[in-house]
Structures are given as structure tokens and as C-alpha cells.
Amino acid sequence: MAMSTWTDERIEELKRLWSESLTGSEIAKRLGLKDRNAVMGKIHRLGLARKNFATEVQAPANDSKPAEPEEPLHPILLLKEWSCRFPVGDPLGREFRFCCAKRQPGLPYCEAHARIAYTPMERSARAARR
DNA sequence: CCCTGATTCGC
DNA sequence: GCGAATCAGG
């Protein structure tokens with residue numbers, strides 16, 4: 001039987017998983033596909049665009065996302081369980097805040113900040129260890 | 001270098 | 001129509 005064909009059942013599954021905010025890679029794994037290329041290709045072909053905001057689709061549409069607050073707010077009050085803890089600005093300044101984007105499960109930061117926060121440390125640690 | 005979705009383009 | 005490769009971003 002042809003494995004890599006989009007049957008109605010598979011398209012339904014694709015739509016369901018995609019609507020549940022699963023990533024292309026996760027959907028590909030569940031469908032037994034090698035990577036997300038087939039998934040994303042089909043998504044685009046079906047006219048399903050999760051979000052039209054270019055490629056920044058890391059946070060699945062949350063209510064509050066204070067990317068740039070008008071005025072300095074008490075940062076701790078904005079932090080939720082899902083909030084990225086990445087500090088933005090001068091910690092002693094008035095405009096200090098946290099990223100507050102949806103953080104990664106098991107990590108204190110969102111995906112982007114987790115990466116930039118940890119990568120230099122790992123490199124330094126390896127260099128120092130030698 | 002890891003990841004994300006979006007798009008292109010040969011098949 | 002399909003998806004590998006590529007693009008653009010974090």
C-alpha cells in the first residue's frame with residue numbers, strides 16, 4: 001500500500017493535531033512521517049495558515065503578552081506560570097521587565113531565550129574545563 | 001546548533 | 001499534489 005499518501009483520514013488527523021497547536025515536527029512523528037516537510041507542505045496546500053504573523057509562531061495566541069509595556073509595571077505581577085523569565089532591560093532601571101512569552105515546559109524561558117541563555121554558558125563551561 | 005512555520009520548486 | 005530543500009526568524 002502507498003504509505004505516503006494523504007487519505008481523508010490522515011488529512012483529518014492532520015487538521016486535528018494542527019488545530020491543537022502541535023508543531024509540525026510533533027505531527028510528523030505521530031503520523032509516522034520522516035520530518036515536518038510533508039506536514040507543513042500539506043498545511044500550506046490546504047490553505048491552513050496557523051498565524052499570518054510571518055514565522056514567529058512560538059506562542060499560541062495568549063491573552064496577555066506584554067512585549068513592550070507602555071509604562072514600567074511591577075514585573076513580578078506580570079509573571080504567570082507560563083511566562084518566560086528572561087530579563088529584559090536594566091534590572092535596576094525603571095523599564096526592566098521579563099519576556100513573559102509562553103515558556104517552554106520544563107524551562108524557565110521561551111524557546112528563543114532558552115537558546116540564547118544557555119548556549120554561551122555551555123561554550124564557556126566547555127572552554128574552561130578543557 | 002537547536003528549533004519553529006513559510007515558501008519554493010523539481011518531480 | 002507531493003515533499004525535499006530552502007528561506008526567514010527565534
# chains A, B, ... in the order shown; residues from 1 in each chain; ligands from 1

call {"tool": "interface_residues", "arguments": {"of": "chain C", "to": "chain A", "cutoff": "8 Å", "atoms": "only C-alpha atoms (C1' of nucleotides)", "output": "PyMOL selection string"}}
result
chain C and resi 2-4+8-10

call {"tool": "closest_atom_pairs", "arguments": {"of": "chain B", "to": "chain A", "cutoff": "8 Å", "atoms": "only C-alpha atoms (C1' of nucleotides)", "output": "tab-separated table"}}
result
residue	atom	partner	partner_atom	distance
B:DC2	C1'	A:Arg115	CA	7.5
B:DC3	C1'	A:Glu111	CA	7.6
B:DT4	C1'	A:Gln58	CA	6.6
B:DG5	C1'	A:Thr55	CA	5.3
B:DA6	C1'	A:Thr55	CA	6.8

call {"tool": "write_last_selection", "arguments": {"atoms": "all heavy atoms", "output": "mmCIF file, in the first residue's frame"}}
result
data_model
loop_
_atom_site.group_PDB
_atom_site.id
_atom_site.type_symbol
_atom_site.label_atom_id
_atom_site.label_comp_id
_atom_site.auth_asym_id
_atom_site.auth_seq_id
_atom_site.Cartn_x
_atom_site.Cartn_y
_atom_site.Cartn_z
ATOM 1 P P DC B 2 22.421 20.536 15.787
ATOM 2 O OP1 DC B 2 22.636 19.155 16.272
ATOM 3 O OP2 DC B 2 22.372 20.797 14.349
ATOM 4 O "O5'" DC B 2 21.074 21.089 16.429
ATOM 5 C "C5'" DC B 2 20.641 20.580 17.689
ATOM 6 C "C4'" DC B 2 19.542 21.449 18.279
ATOM 7 O "O4'" DC B 2 19.961 22.825 18.261
ATOM 8 C "C3'" DC B 2 18.245 21.439 17.481
ATOM 9 O "O3'" DC B 2 17.453 20.310 17.801
ATOM 10 C "C2'" DC B 2 17.620 22.701 18.014
ATOM 11 C "C1'" DC B 2 18.798 23.639 18.186
ATOM 12 N N1 DC B 2 18.961 24.579 17.049
ATOM 13 C C2 DC B 2 18.299 25.801 17.091
ATOM 14 O O2 DC B 2 17.582 26.048 18.065
ATOM 15 N N3 DC B 2 18.437 26.674 16.073
ATOM 16 C C4 DC B 2 19.211 26.358 15.031
ATOM 17 N N4 DC B 2 19.334 27.262 14.052
ATOM 18 C C5 DC B 2 19.876 25.111 14.941
ATOM 19 C C6 DC B 2 19.717 24.254 15.965
ATOM 20 P P DC B 3 16.337 19.845 16.799
ATOM 21 O OP1 DC B 3 15.661 18.694 17.420
ATOM 22 O OP2 DC B 3 16.924 19.734 15.446
ATOM 23 O "O5'" DC B 3 15.325 21.091 16.799
ATOM 24 C "C5'" DC B 3 14.506 21.308 17.942
ATOM 25 C "C4'" DC B 3 13.849 22.663 17.878
ATOM 26 O "O4'" DC B 3 14.817 23.666 17.508
ATOM 27 C "C3'" DC B 3 12.775 22.802 16.797
ATOM 28 O "O3'" DC B 3 11.547 22.268 17.284
ATOM 29 C "C2'" DC B 3 12.689 24.311 16.668
ATOM 30 C "C1'" DC B 3 14.133 24.757 16.925
ATOM 31 N N1 DC B 3 14.850 25.165 15.693
ATOM 32 C C2 DC B 3 14.646 26.457 15.181
ATOM 33 O O2 DC B 3 13.863 27.213 15.759
ATOM 34 N N3 DC B 3 15.296 26.837 14.061
ATOM 35 C C4 DC B 3 16.134 25.984 13.458
ATOM 36 N N4 DC B 3 16.772 26.412 12.370
ATOM 37 C C5 DC B 3 16.353 24.667 13.953
ATOM 38 C C6 DC B 3 15.692 24.300 15.059
ATOM 39 P P DT B 4 10.360 21.928 16.329
ATOM 40 O OP1 DT B 4 9.333 21.296 17.183
ATOM 41 O OP2 DT B 4 10.911 21.233 15.156
ATOM 42 O "O5'" DT B 4 9.836 23.367 15.857
ATOM 43 C "C5'" DT B 4 9.088 24.187 16.766
ATOM 44 C "C4'" DT B 4 8.743 25.495 16.073
ATOM 45 O "O4'" DT B 4 9.942 26.219 15.749
ATOM 46 C "C3'" DT B 4 8.027 25.329 14.730
ATOM 47 O "O3'" DT B 4 6.655 25.074 14.943
ATOM 48 C "C2'" DT B 4 8.285 26.676 14.097
ATOM 49 C "C1'" DT B 4 9.721 26.997 14.585
ATOM 50 N N1 DT B 4 10.764 26.649 13.594
ATOM 51 C C2 DT B 4 11.118 27.610 12.677
ATOM 52 O O2 DT B 4 10.581 28.699 12.631
ATOM 53 N N3 DT B 4 12.114 27.236 11.806
ATOM 54 C C4 DT B 4 12.772 26.018 11.773
ATOM 55 O O4 DT B 4 13.658 25.806 10.943
ATOM 56 C C5 DT B 4 12.336 25.054 12.754
ATOM 57 C C7 DT B 4 12.979 23.704 12.795
ATOM 58 C C6 DT B 4 11.364 25.412 13.611
ATOM 59 P P DG B 5 5.766 24.421 13.848
ATOM 60 O OP1 DG B 5 4.506 24.012 14.478
ATOM 61 O OP2 DG B 5 6.597 23.426 13.136
ATOM 62 O "O5'" DG B 5 5.500 25.616 12.840
ATOM 63 C "C5'" DG B 5 4.860 26.801 13.289
ATOM 64 C "C4'" DG B 5 4.963 27.892 12.209
ATOM 65 O "O4'" DG B 5 6.340 28.043 11.813
ATOM 66 C "C3'" DG B 5 4.198 27.570 10.920
ATOM 67 O "O3'" DG B 5 3.732 28.790 10.353
ATOM 68 C "C2'" DG B 5 5.251 26.930 10.065
ATOM 69 C "C1'" DG B 5 6.466 27.789 10.424
ATOM 70 N N9 DG B 5 7.732 27.093 10.170
ATOM 71 C C8 DG B 5 8.149 25.892 10.670
ATOM 72 N N7 DG B 5 9.317 25.529 10.238
ATOM 73 C C5 DG B 5 9.688 26.552 9.393
ATOM 74 C C6 DG B 5 10.863 26.718 8.612
ATOM 75 O O6 DG B 5 11.835 25.967 8.522
ATOM 76 N N1 DG B 5 10.841 27.906 7.877
ATOM 77 C C2 DG B 5 9.814 28.813 7.904
ATOM 78 N N2 DG B 5 9.949 29.898 7.127
ATOM 79 N N3 DG B 5 8.721 28.672 8.623
ATOM 80 C C4 DG B 5 8.719 27.523 9.339
ATOM 81 P P DA B 6 3.071 28.880 8.914
ATOM 82 O OP1 DA B 6 2.115 29.994 8.918
ATOM 83 O OP2 DA B 6 2.617 27.517 8.576
ATOM 84 O "O5'" DA B 6 4.284 29.270 7.950
ATOM 85 C "C5'" DA B 6 4.859 30.578 8.075
ATOM 86 C "C4'" DA B 6 5.440 31.031 6.748
ATOM 87 O "O4'" DA B 6 6.664 30.321 6.474
ATOM 88 C "C3'" DA B 6 4.529 30.783 5.551
ATOM 89 O "O3'" DA B 6 4.656 31.883 4.649
ATOM 90 C "C2'" DA B 6 5.038 29.480 4.967
ATOM 91 C "C1'" DA B 6 6.523 29.511 5.303
ATOM 92 N N9 DA B 6 7.093 28.195 5.619
ATOM 93 C C8 DA B 6 6.578 27.230 6.440
ATOM 94 N N7 DA B 6 7.333 26.159 6.537
ATOM 95 C C5 DA B 6 8.414 26.451 5.739
ATOM 96 C C6 DA B 6 9.577 25.721 5.419
ATOM 97 N N6 DA B 6 9.864 24.510 5.896
ATOM 98 N N1 DA B 6 10.461 26.292 4.578
ATOM 99 C C2 DA B 6 10.203 27.516 4.093
ATOM 100 N N3 DA B 6 9.149 28.294 4.322
ATOM 101 C C4 DA B 6 8.277 27.693 5.167
#
